[in-house]
$ cat query_6.csv   # CSV, C-alpha atoms
chain,number,residue,atom,x,y,z
A,1,MET,CA,122.9,124.1,120.6
A,2,THR,CA,121.5,124.0,117.1
A,3,ASN,CA,121.0,120.3,117.5
A,4,LEU,CA,118.8,121.0,120.6
A,5,ALA,CA,116.9,123.7,118.7
A,6,THR,CA,116.1,121.3,115.8
A,7,LYS,CA,114.9,118.7,118.3
A,8,CYS,CA,112.6,121.3,119.9
A,9,ARG,CA,111.3,122.1,116.4
A,10,ASN,CA,110.5,118.5,115.9
A,11,VAL,CA,108.6,118.4,119.2
A,12,ILE,CA,106.5,121.4,118.0
A,13,ARG,CA,105.8,119.6,114.8
A,14,LEU,CA,104.7,116.6,116.7
A,15,LEU,CA,102.5,118.7,118.9
A,16,HIS,CA,100.8,120.1,115.8
A,17,ARG,CA,100.3,116.6,114.6
A,18,HIS,CA,98.7,115.4,117.9
A,19,CYS,CA,96.7,118.6,118.2
A,20,ALA,CA,93.5,116.7,117.6
A,21,ALA,CA,94.2,114.2,120.3
A,22,ILE,CA,95.1,116.9,122.8
A,23,ASN,CA,92.0,118.9,121.9
A,24,GLU,CA,89.9,115.8,122.4
A,25,SER,CA,91.5,114.9,125.7
A,26,LEU,CA,91.0,118.4,127.1
A,27,PHE,CA,87.5,119.1,125.8
A,28,SER,CA,85.8,115.7,125.7
A,29,LYS,CA,82.8,115.2,127.9
A,30,SER,CA,84.4,112.5,130.0
A,31,ASN,CA,87.0,115.0,131.4
A,32,GLY,CA,84.3,117.4,132.3
A,33,LEU,CA,85.9,120.5,130.8
A,34,HIS,CA,83.5,122.8,129.0
A,35,PRO,CA,84.4,123.4,125.3
A,36,ALA,CA,84.2,127.2,125.6
A,37,LEU,CA,86.5,127.9,122.6
A,38,ALA,CA,85.4,125.0,120.4
A,39,LEU,CA,84.4,125.8,116.9
A,40,ASP,CA,80.7,125.6,116.0
A,41,VAL,CA,81.3,123.3,113.1
A,42,ALA,CA,80.3,119.7,112.7
A,43,ALA,CA,83.3,117.4,112.9
A,44,PRO,CA,84.1,115.3,109.9
A,45,PRO,CA,83.0,111.7,110.1
A,46,SER,CA,86.5,110.3,110.2
A,47,PHE,CA,87.3,112.5,113.3
A,48,LYS,CA,84.2,111.1,115.0
A,49,GLN,CA,85.0,107.5,114.3
A,50,GLN,CA,88.5,107.7,115.8
A,51,PRO,CA,88.7,106.0,119.2
A,52,SER,CA,89.4,108.5,121.9
A,53,LYS,CA,92.9,107.9,123.2
A,54,PRO,CA,94.3,109.6,126.3
A,55,PHE,CA,97.2,111.9,125.4
A,56,SER,CA,100.6,111.1,127.0
A,57,LEU,CA,104.1,112.4,126.5
A,58,ASN,CA,105.4,108.9,126.2
A,59,ASP,CA,103.7,108.5,122.9
A,60,LEU,CA,105.5,111.6,121.7
A,61,PHE,CA,108.9,110.3,122.6
A,62,ALA,CA,108.1,106.8,121.3
A,63,ASP,CA,107.5,108.3,117.8
A,64,ASN,CA,110.5,107.7,115.6
A,65,ILE,CA,110.5,111.2,114.2
A,66,PHE,CA,111.7,112.6,117.5
A,67,TRP,CA,114.9,110.6,117.2
A,68,ALA,CA,115.4,111.1,113.5
A,69,ALA,CA,118.6,112.6,112.1
A,70,VAL,CA,118.6,116.3,111.6
A,71,PRO,CA,121.0,118.7,109.9
A,72,LYS,CA,123.7,119.9,112.3
A,73,LYS,CA,125.2,122.8,110.3
A,74,ARG,CA,123.6,125.6,108.5
A,75,ARG,CA,124.1,125.3,104.7
A,76,SER,CA,125.9,128.4,103.4
A,77,TYR,CA,124.5,130.6,100.7
A,78,ALA,CA,127.4,129.8,98.4
A,79,LYS,CA,126.8,126.1,98.5
A,80,LYS,CA,123.0,126.5,98.3
A,81,TRP,CA,123.1,128.6,95.2
A,82,THR,CA,125.8,126.4,93.6
A,83,ARG,CA,123.6,123.4,94.2
A,84,ARG,CA,120.6,125.1,92.6
A,85,PHE,CA,122.1,127.1,89.7
A,86,GLY,CA,125.7,125.8,89.4
A,87,PRO,CA,127.6,124.2,86.6
A,88,ASP,CA,125.8,120.9,87.0
A,89,LYS,CA,122.4,122.5,86.3
A,90,ILE,CA,123.9,124.6,83.5
A,91,ARG,CA,125.2,121.5,81.8
A,92,LYS,CA,121.9,119.7,82.3
A,93,PHE,CA,119.5,122.4,81.1
A,94,MET,CA,121.4,125.0,79.0
A,95,THR,CA,123.6,122.9,76.7
A,96,PRO,CA,122.0,122.8,73.2
A,97,ARG,CA,120.7,119.4,72.1
A,98,ILE,CA,122.2,118.6,68.7
A,99,ASN,CA,121.0,115.0,68.4
A,100,LEU,CA,117.3,115.7,68.0
A,101,VAL,CA,115.3,114.8,64.9
A,102,SER,CA,111.7,115.1,64.1
A,103,CYS,CA,109.6,112.0,63.3
A,104,LEU,CA,108.7,111.8,59.6
A,105,GLU,CA,105.3,110.4,60.4
A,106,CYS,CA,104.0,112.6,63.2
A,107,GLY,CA,106.7,115.4,63.7
A,108,THR,CA,107.5,114.7,67.3
A,109,TRP,CA,111.0,115.4,68.4
A,110,HIS,CA,113.2,112.5,69.6
A,111,GLU,CA,116.8,111.6,69.8
A,112,ARG,CA,118.4,110.3,66.7
A,113,HIS,CA,119.3,106.9,68.1
A,114,SER,CA,115.8,106.3,69.5
A,115,ILE,CA,112.5,105.5,68.0
A,116,CYS,CA,109.6,108.0,68.0
A,117,GLY,CA,107.8,107.8,71.4
A,118,SER,CA,104.4,109.0,70.3
A,119,CYS,CA,104.3,106.6,67.3
A,120,TYR,CA,105.3,103.7,69.6
A,121,GLU,CA,102.5,104.7,72.0
A,122,LYS,CA,99.8,103.4,69.7
A,123,VAL,CA,101.8,100.2,69.1
A,124,ARG,CA,102.0,99.7,72.9
A,125,GLU,CA,98.3,100.2,73.4
A,126,GLU,CA,97.5,97.8,70.5
A,127,THR,CA,99.8,95.2,72.0
A,128,LYS,CA,98.1,95.5,75.4
A,129,ALA,CA,94.7,95.2,73.8
A,130,MET,CA,95.8,92.0,71.9
A,131,GLN,CA,97.3,90.5,75.1
A,132,SER,CA,94.2,91.2,77.1
A,133,SER,CA,92.0,89.5,74.5
A,134,MET,CA,93.6,86.1,75.4
A,135,ASN,CA,92.3,84.3,78.4
A,136,PRO,CA,94.6,85.7,81.2
A,137,GLU,CA,94.9,82.4,83.0
A,138,GLU,CA,96.2,80.9,79.8
A,139,PHE,CA,98.4,83.8,79.0
A,140,HIS,CA,100.0,83.9,82.4
A,141,TYR,CA,99.9,80.3,83.7
A,142,ASN,CA,99.3,77.9,80.8
A,143,HIS,CA,100.8,79.4,77.7
A,144,PRO,CA,99.7,77.9,74.4
A,145,ARG,CA,102.1,75.3,73.0
A,146,SER,CA,101.8,76.4,69.4
A,147,GLU,CA,102.2,79.7,67.5
A,148,VAL,CA,99.4,82.2,68.4
A,149,ALA,CA,97.4,83.9,65.7
A,150,TYR,CA,95.3,86.9,66.6
A,151,VAL,CA,92.2,87.2,64.4
A,152,PHE,CA,90.5,90.6,64.2
A,153,HIS,CA,87.0,91.4,63.0
A,154,GLY,CA,86.2,90.3,59.4
A,155,GLU,CA,89.2,87.9,59.2
A,156,ASP,CA,89.1,84.2,58.6
A,157,ALA,CA,90.5,81.9,61.3
A,158,ASN,CA,91.0,79.1,58.7
A,159,ASP,CA,93.9,81.1,57.2
A,160,HIS,CA,96.0,80.0,60.2
A,161,PRO,CA,96.1,76.2,60.3
A,162,ASP,CA,98.0,74.6,63.3
A,163,LYS,CA,97.9,77.8,65.3
A,164,TYR,CA,96.2,78.8,68.5
A,165,ILE,CA,93.5,81.2,67.5
A,166,VAL,CA,92.7,84.3,69.6
A,167,GLU,CA,89.8,86.5,68.5
A,168,VAL,CA,90.3,90.2,69.0
A,169,ASP,CA,87.0,92.1,69.6
A,170,LYS,CA,87.7,94.9,67.1
A,171,PRO,CA,88.8,95.5,63.5
A,172,ARG,CA,92.5,95.6,62.6
A,173,PRO,CA,94.0,99.1,62.9
A,174,ASP,CA,94.6,101.1,59.7
A,175,TRP,CA,98.2,101.6,60.2
A,176,TRP,CA,99.1,97.9,60.4
A,177,PRO,CA,101.6,97.3,57.5
A,178,LYS,CA,100.0,95.7,54.5
A,179,HIS,CA,102.9,93.5,53.6
A,180,MET,CA,102.6,91.6,56.9
A,181,LEU,CA,99.1,90.4,56.0
A,182,THR,CA,100.0,88.6,52.8
A,183,LYS,CA,101.1,85.0,53.0
A,184,GLY,CA,104.4,85.4,51.3
A,185,HIS,CA,106.5,87.9,49.4
A,186,GLY,CA,110.0,88.1,48.2
A,187,LYS,CA,112.4,85.4,47.1
A,188,TYR,CA,112.3,82.9,50.0
A,189,SER,CA,108.6,83.0,50.8
B,1,MET,CA,128.5,81.8,69.0
B,2,LEU,CA,126.3,84.8,69.6
B,3,ARG,CA,125.2,86.7,66.5
B,4,PHE,CA,125.3,90.2,67.9
B,5,GLY,CA,127.8,92.4,69.7
B,6,ILE,CA,128.2,91.8,73.4
B,7,ARG,CA,130.2,93.6,76.1
B,8,ASN,CA,133.5,92.1,77.2
B,9,ARG,CA,132.6,92.0,80.9
B,10,PRO,CA,129.2,91.5,82.7
B,11,ARG,CA,127.7,94.7,84.0
B,12,ARG,CA,127.7,95.5,87.7
B,13,LEU,CA,124.0,95.9,88.0
B,14,SER,CA,123.3,98.1,91.0
B,15,LYS,CA,120.0,96.5,92.1
B,16,ALA,CA,121.5,93.0,92.0
B,17,MET,CA,124.8,93.9,93.7
B,18,GLY,CA,123.4,96.1,96.4
B,19,ARG,CA,122.3,94.7,99.8
B,20,LYS,CA,118.6,94.2,99.9
B,21,GLU,CA,116.2,91.9,101.7
B,22,ASP,CA,114.2,90.9,98.6
B,23,GLY,CA,116.8,88.3,97.5
B,24,HIS,CA,118.4,90.4,94.8
B,25,GLY,CA,121.3,91.7,96.8
B,26,THR,CA,123.3,88.5,97.0
B,27,GLY,CA,126.0,89.4,94.5
B,28,PRO,CA,126.6,87.3,91.3
B,29,PRO,CA,123.9,84.7,92.2
B,30,GLY,CA,121.4,87.4,92.9
B,31,ARG,CA,122.3,88.9,89.5
B,32,LEU,CA,121.6,85.6,87.8
B,33,GLU,CA,118.3,85.4,89.8
B,34,ARG,CA,117.4,88.8,88.5
B,35,MET,CA,118.3,87.8,84.9
B,36,THR,CA,116.0,84.7,85.1
B,37,ILE,CA,113.1,86.9,85.9
B,38,ILE,CA,113.7,89.0,82.8
B,39,VAL,CA,114.3,86.0,80.5
B,40,ASN,CA,111.2,84.3,81.9
B,41,SER,CA,109.2,87.5,81.2
B,42,LEU,CA,110.6,87.8,77.7
B,43,VAL,CA,109.7,84.2,76.7
B,44,ARG,CA,106.2,84.8,77.9
B,45,HIS,CA,105.4,88.3,76.5
B,46,GLU,CA,107.8,88.3,73.5
B,47,ARG,CA,108.2,92.0,73.9
B,48,ILE,CA,109.2,93.8,77.1
B,49,GLU,CA,110.5,97.2,78.1
B,50,GLY,CA,113.0,98.2,80.8
B,51,SER,CA,116.2,99.9,81.6
B,52,HIS,CA,118.8,99.4,78.8
B,53,GLN,CA,121.3,97.8,81.0
B,54,TYR,CA,119.1,95.0,82.2
B,55,MET,CA,117.6,94.4,78.8
B,56,ASP,CA,121.0,94.2,77.1
B,57,GLU,CA,122.3,91.8,79.8
B,58,ALA,CA,119.2,89.6,79.5
B,59,ARG,CA,119.4,89.5,75.7
B,60,GLY,CA,122.6,87.5,75.7
B,61,TYR,CA,121.3,85.0,78.1
B,62,THR,CA,118.1,84.6,76.0
B,63,GLU,CA,120.1,84.0,72.9
B,64,ARG,CA,122.3,81.4,74.6
B,65,LEU,CA,119.2,79.7,76.0
B,66,LEU,CA,117.6,79.4,72.5
B,67,GLN,CA,120.9,78.1,71.1
B,68,ILE,CA,121.2,75.4,73.7
B,69,ALA,CA,117.5,74.5,73.5
B,70,ALA,CA,118.0,73.9,69.7
B,71,GLN,CA,119.5,70.5,70.7
B,72,GLY,CA,116.0,69.3,71.5
B,73,ASP,CA,114.0,68.4,74.6
B,74,LYS,CA,115.5,64.9,74.8
B,75,ASN,CA,118.9,66.4,75.5
B,76,HIS,CA,119.7,66.4,79.3
B,77,GLU,CA,121.8,69.5,79.3
B,78,ALA,CA,119.3,71.5,77.2
B,79,MET,CA,116.5,70.5,79.6
B,80,ASP,CA,118.5,71.4,82.7
B,81,VAL,CA,119.3,74.8,81.3
B,82,ALA,CA,115.7,75.4,80.3
B,83,ASN,CA,114.6,74.3,83.7
B,84,TYR,CA,116.9,76.8,85.4
B,85,TRP,CA,116.1,79.8,83.2
B,86,LEU,CA,112.4,79.3,83.0
B,87,LYS,CA,110.9,79.4,86.5
B,88,ASP,CA,107.3,79.1,85.1
B,89,LYS,CA,107.2,75.5,83.8
B,90,ASP,CA,104.6,76.0,81.2
B,91,LEU,CA,107.1,78.1,79.3
B,92,ILE,CA,109.4,75.0,78.8
B,93,HIS,CA,106.8,73.6,76.4
B,94,LYS,CA,106.7,77.0,74.6
B,95,LEU,CA,110.5,77.0,74.3
B,96,PHE,CA,110.8,73.6,72.7
B,97,LYS,CA,107.6,73.5,70.7
B,98,VAL,CA,107.3,77.1,69.5
B,99,LEU,CA,110.5,79.0,69.7
B,100,VAL,CA,113.0,76.4,68.7
B,101,PRO,CA,111.2,75.5,65.4
B,102,ARG,CA,110.6,79.2,64.8
B,103,TYR,CA,114.4,80.1,64.8
B,104,GLU,CA,115.5,76.9,63.1
B,105,ASN,CA,116.4,78.5,59.8
B,106,TYR,CA,117.3,81.9,61.1
B,107,THR,CA,120.7,83.2,60.0
B,108,THR,CA,120.5,86.2,62.3
B,109,CYS,CA,120.0,86.5,66.0
B,110,ALA,CA,116.6,85.8,67.5
B,111,THR,CA,116.2,89.0,69.4
B,112,ARG,CA,116.0,92.7,68.6
B,113,MET,CA,116.4,95.8,70.6
B,114,TRP,CA,115.1,99.4,70.3
B,115,THR,CA,115.9,102.5,72.2
B,116,LEU,CA,113.0,104.6,73.5
B,117,PRO,CA,113.3,108.4,73.8
B,118,VAL,CA,113.9,110.1,77.1
B,119,GLU,CA,111.9,112.9,78.7
B,120,TYR,CA,113.7,116.2,78.9
B,121,PRO,CA,116.2,116.7,80.4
B,122,GLY,CA,116.9,113.0,80.6
B,123,GLY,CA,119.8,111.3,82.4
B,124,LYS,CA,122.3,108.6,82.1
B,125,ASN,CA,120.0,105.7,81.9
B,126,LYS,CA,117.9,105.0,78.9
B,127,THR,CA,114.9,102.7,78.4
B,128,SER,CA,114.8,100.0,75.8
B,129,ILE,CA,112.5,97.5,74.2
B,130,LEU,CA,113.6,93.9,73.9
B,131,GLU,CA,111.7,91.6,71.7
B,132,LEU,CA,111.8,88.1,70.1
B,133,LYS,CA,111.7,88.1,66.4
B,134,GLY,CA,108.6,86.7,64.7
B,135,ASN,CA,106.2,87.7,67.5
B,136,PRO,CA,102.5,88.3,66.8
B,137,TRP,CA,102.5,91.9,68.0
B,138,PRO,CA,102.3,94.9,65.7
B,139,PRO,CA,105.8,96.0,64.5
B,140,VAL,CA,107.6,98.6,66.6
B,141,VAL,CA,108.2,100.8,63.6
B,142,PRO,CA,105.1,100.1,61.5
B,143,ASN,CA,106.1,101.6,58.1
B,144,PRO,CA,109.9,102.3,58.0
B,145,ARG,CA,110.9,104.7,55.2
B,146,ASN,CA,112.8,103.4,52.2
B,147,ASN,CA,115.8,105.7,51.9
B,148,SER,CA,117.6,103.9,49.1
B,149,LYS,CA,116.5,106.4,46.5
B,150,SER,CA,117.7,109.5,48.4
B,151,LEU,CA,120.4,111.5,46.7
B,152,ILE,CA,123.2,110.7,49.1
B,153,ASN,CA,122.4,107.0,49.1
B,154,VAL,CA,122.3,106.9,45.3
B,155,LEU,CA,125.7,108.6,45.1
B,156,LEU,CA,127.2,106.4,47.7
B,157,HIS,CA,125.9,103.3,45.9
B,158,ASN,CA,127.3,104.3,42.6
B,159,ALA,CA,130.7,105.3,44.2
B,160,LYS,CA,130.8,101.9,45.7
B,161,LYS,CA,130.1,100.3,42.4
B,162,ASP,CA,132.8,102.3,40.7
B,163,TYR,CA,135.3,101.4,43.4
B,164,ARG,CA,134.7,97.7,43.0
B,165,SER,CA,134.8,97.7,39.2
B,166,ALA,CA,138.1,99.7,39.3
B,167,SER,CA,139.7,97.4,41.9
B,168,LYS,CA,138.8,94.4,39.8
B,169,ASP,CA,140.6,95.8,36.8
B,170,GLY,CA,143.7,96.4,38.8
B,171,THR,CA,143.7,100.1,38.0
B,172,PRO,CA,144.7,102.4,40.8
B,173,VAL,CA,141.7,104.1,42.4

$ encode --input "query_6.csv" --output "structure tokens"
Amino acid sequence: MTNLATKCRNVIRLLHRHCAAINESLFSKSNGLHPALALDVAAPPSFKQQPSKPFSLNDLFADNIFWAAVPKKRRSYAKKWTRRFGPDKIRKFMTPRINLVSCLECGTWHERHSICGSCYEKVREETKAMQSSMNPEEFHYNHPRSEVAYVFHGEDANDHPDKYIVEVDKPRPDWWPKHMLTKGHGKYS
Amino acid sequence: MLRFGIRNRPRRLSKAMGRKEDGHGTGPPGRLERMTIIVNSLVRHERIEGSHQYMDEARGYTERLLQIAAQGDKNHEAMDVANYWLKDKDLIHKLFKVLVPRYENYTTCATRMWTLPVEYPGGKNKTSILELKGNPWPPVVPNPRNNSKSLINVLLHNAKKDYRSASKDGTPV
């Protein structure tokens, strides 16, 4: 019985959806019925452009929604409330996090085993900017066959012999570590 | 021999082992197919992000590929392996001409992994960054703090020193 009721509910839902089509089929000029109860509002352009299609019940039954699976049994309150506020949700939202640390640079909280997300965001954006500064056809389909050097504003391309030079159309960011710009440092440089 | 810790068994990757029509649901071959896509992407971009499971699996395959490629492009086996793992053929040149010379004198592994934070409340899966060392991009952690002068580290360092000098003398510690 409940199954039948849900099917009927689906039909009502479908009727709502096809309301526009029914309205048009009843009150269009070709059928000859006078639109006595029609609203005195200009129809939206999308409604006007739709081709007028005669309404038929076959279309309703051919719709997949009518034959879709529906719940057969009513879900009890005990199960519903357990699902919403039960032990799973308590474990997920109410257990205190003890593995959080704040970033020493920007103060954002993150897990101890992970890197800071907001600090990495600028690195990600910078990386994307550098990647897009190379010719996309070369980057994606014919990758350079030597090491690539990205030269920012105010830098000399001659510092990188035997390298594929890509010019980036902006100055190098301030936070870029200084020790990576020098040619060599340490014992084995 | 790989220079980093790996799992004993391969992971059962759900996307690869499920049944799907896009070619990734064909069991172990589909899993390898999936891995080739990630390795291909890593060799091109040199830094990629994704779910930790996939990145960690692909890491081992990338390391092995670089080790085999170190035999040179005139080696038949090396070329076959490179031809299988790199579906985009312009990357074969990059592998033999750029990456192999780059990692020639490395005593460590060629890849590095970082874990990204999760959004609250989070779940089981975590997102990771997998990158090739010596890439041209800005470093993931730009200015890491030097903690060697913090009190606990100084104490530990000196305790270690004392322990070693004592054990050399043969006196009981």

$ residues_near_point --input "query_6.csv" --point "(127.1, 83.1, 70.7)" --cutoff "9 Å" --atoms "only C-alpha atoms" --output "short mmCIF file (atom, residue, chain, number, x, y, z; two decimals) with C-alpha atoms, in the coordinates of the input"
data_model
loop_
_atom_site.label_atom_id
_atom_site.label_comp_id
_atom_site.auth_asym_id
_atom_site.auth_seq_id
_atom_site.Cartn_x
_atom_site.Cartn_y
_atom_site.Cartn_z
CA MET B 1 128.50 81.80 69.00
CA LEU B 2 126.30 84.80 69.60
CA ARG B 3 125.20 86.70 66.50
CA PHE B 4 125.30 90.20 67.90
CA GLY B 60 122.60 87.50 75.70
CA GLU B 63 120.10 84.00 72.90
CA ARG B 64 122.30 81.40 74.60
CA GLN B 67 120.90 78.10 71.10
#

$ atom_distance --input "query_6.csv" --atom1 "atom CA of Glu167 of chain A" --atom2 "atom CA of Met134 of chain A"
7.9 Å

$ interface_residues --input "query_6.csv" --of "chain A" --to "chain B" --cutoff "9 Å" --atoms "only C-alpha atoms" --output "ChimeraX atom specification"
/A:92-93,104,110-117,119-120,123-124,126-127,130-131,139-150,175-177

$ closest_residue --input "query_6.csv" --among "B:Asp73, B:Glu131, B:Asp80, B:Asp162" --to "Cys109 of chain B" --atoms "only C-alpha atoms"
B:Glu131

$ atom_distance --input "query_6.csv" --atom1 "atom CA of Lys163 of chain A" --atom2 "atom CA of Leu181 of chain A"
15.7 Å

$ closest_residue --input "query_6.csv" --among "B:Ile152, B:Ile6, B:Leu32, B:Ile37" --to "Asp56 of chain B" --atoms "only C-alpha atoms"
B:Ile6

$ atom_distance --input "query_6.csv" --atom1 "atom CA of Arg7 of chain B" --atom2 "atom CA of Met55 of chain B"
12.9 Å

$ residues_near_point --input "query_6.csv" --point "(114.3, 91.1, 80.6)" --cutoff "10 Å" --atoms "only C-alpha atoms" --output "list in words"
Arg34, Met35, Thr36, Ile37, Ile38, Val39, Asn40, Ser41, Leu42, Val43, Arg47, Ile48, Glu49, Gly50, Ser51, His52, Gln53, Tyr54, Met55, Asp56, Glu57, Ala58, Arg59, Tyr61, Thr62, Ile129, Leu130 and Glu131 of chain B

$ write_last_selection --input "query_6.csv" --atoms "C-alpha atoms" --output "mmCIF file, in the frame of the given file"
data_model
loop_
_atom_site.group_PDB
_atom_site.id
_atom_site.type_symbol
_atom_site.label_atom_id
_atom_site.label_comp_id
_atom_site.auth_asym_id
_atom_site.auth_seq_id
_atom_site.Cartn_x
_atom_site.Cartn_y
_atom_site.Cartn_z
ATOM 1 C CA ARG B 34 117.400 88.800 88.500
ATOM 2 C CA MET B 35 118.300 87.800 84.900
ATOM 3 C CA THR B 36 116.000 84.700 85.100
ATOM 4 C CA ILE B 37 113.100 86.900 85.900
ATOM 5 C CA ILE B 38 113.700 89.000 82.800
ATOM 6 C CA VAL B 39 114.300 86.000 80.500
ATOM 7 C CA ASN B 40 111.200 84.300 81.900
ATOM 8 C CA SER B 41 109.200 87.500 81.200
ATOM 9 C CA LEU B 42 110.600 87.800 77.700
ATOM 10 C CA VAL B 43 109.700 84.200 76.700
ATOM 11 C CA ARG B 47 108.200 92.000 73.900
ATOM 12 C CA ILE B 48 109.200 93.800 77.100
ATOM 13 C CA GLU B 49 110.500 97.200 78.100
ATOM 14 C CA GLY B 50 113.000 98.200 80.800
ATOM 15 C CA SER B 51 116.200 99.900 81.600
ATOM 16 C CA HIS B 52 118.800 99.400 78.800
ATOM 17 C CA GLN B 53 121.300 97.800 81.000
ATOM 18 C CA TYR B 54 119.100 95.000 82.200
ATOM 19 C CA MET B 55 117.600 94.400 78.800
ATOM 20 C CA ASP B 56 121.000 94.200 77.100
ATOM 21 C CA GLU B 57 122.300 91.800 79.800
ATOM 22 C CA ALA B 58 119.200 89.600 79.500
ATOM 23 C CA ARG B 59 119.400 89.500 75.700
ATOM 24 C CA TYR B 61 121.300 85.000 78.100
ATOM 25 C CA THR B 62 118.100 84.600 76.000
ATOM 26 C CA ILE B 129 112.500 97.500 74.200
ATOM 27 C CA LEU B 130 113.600 93.900 73.900
ATOM 28 C CA GLU B 131 111.700 91.600 71.700
#
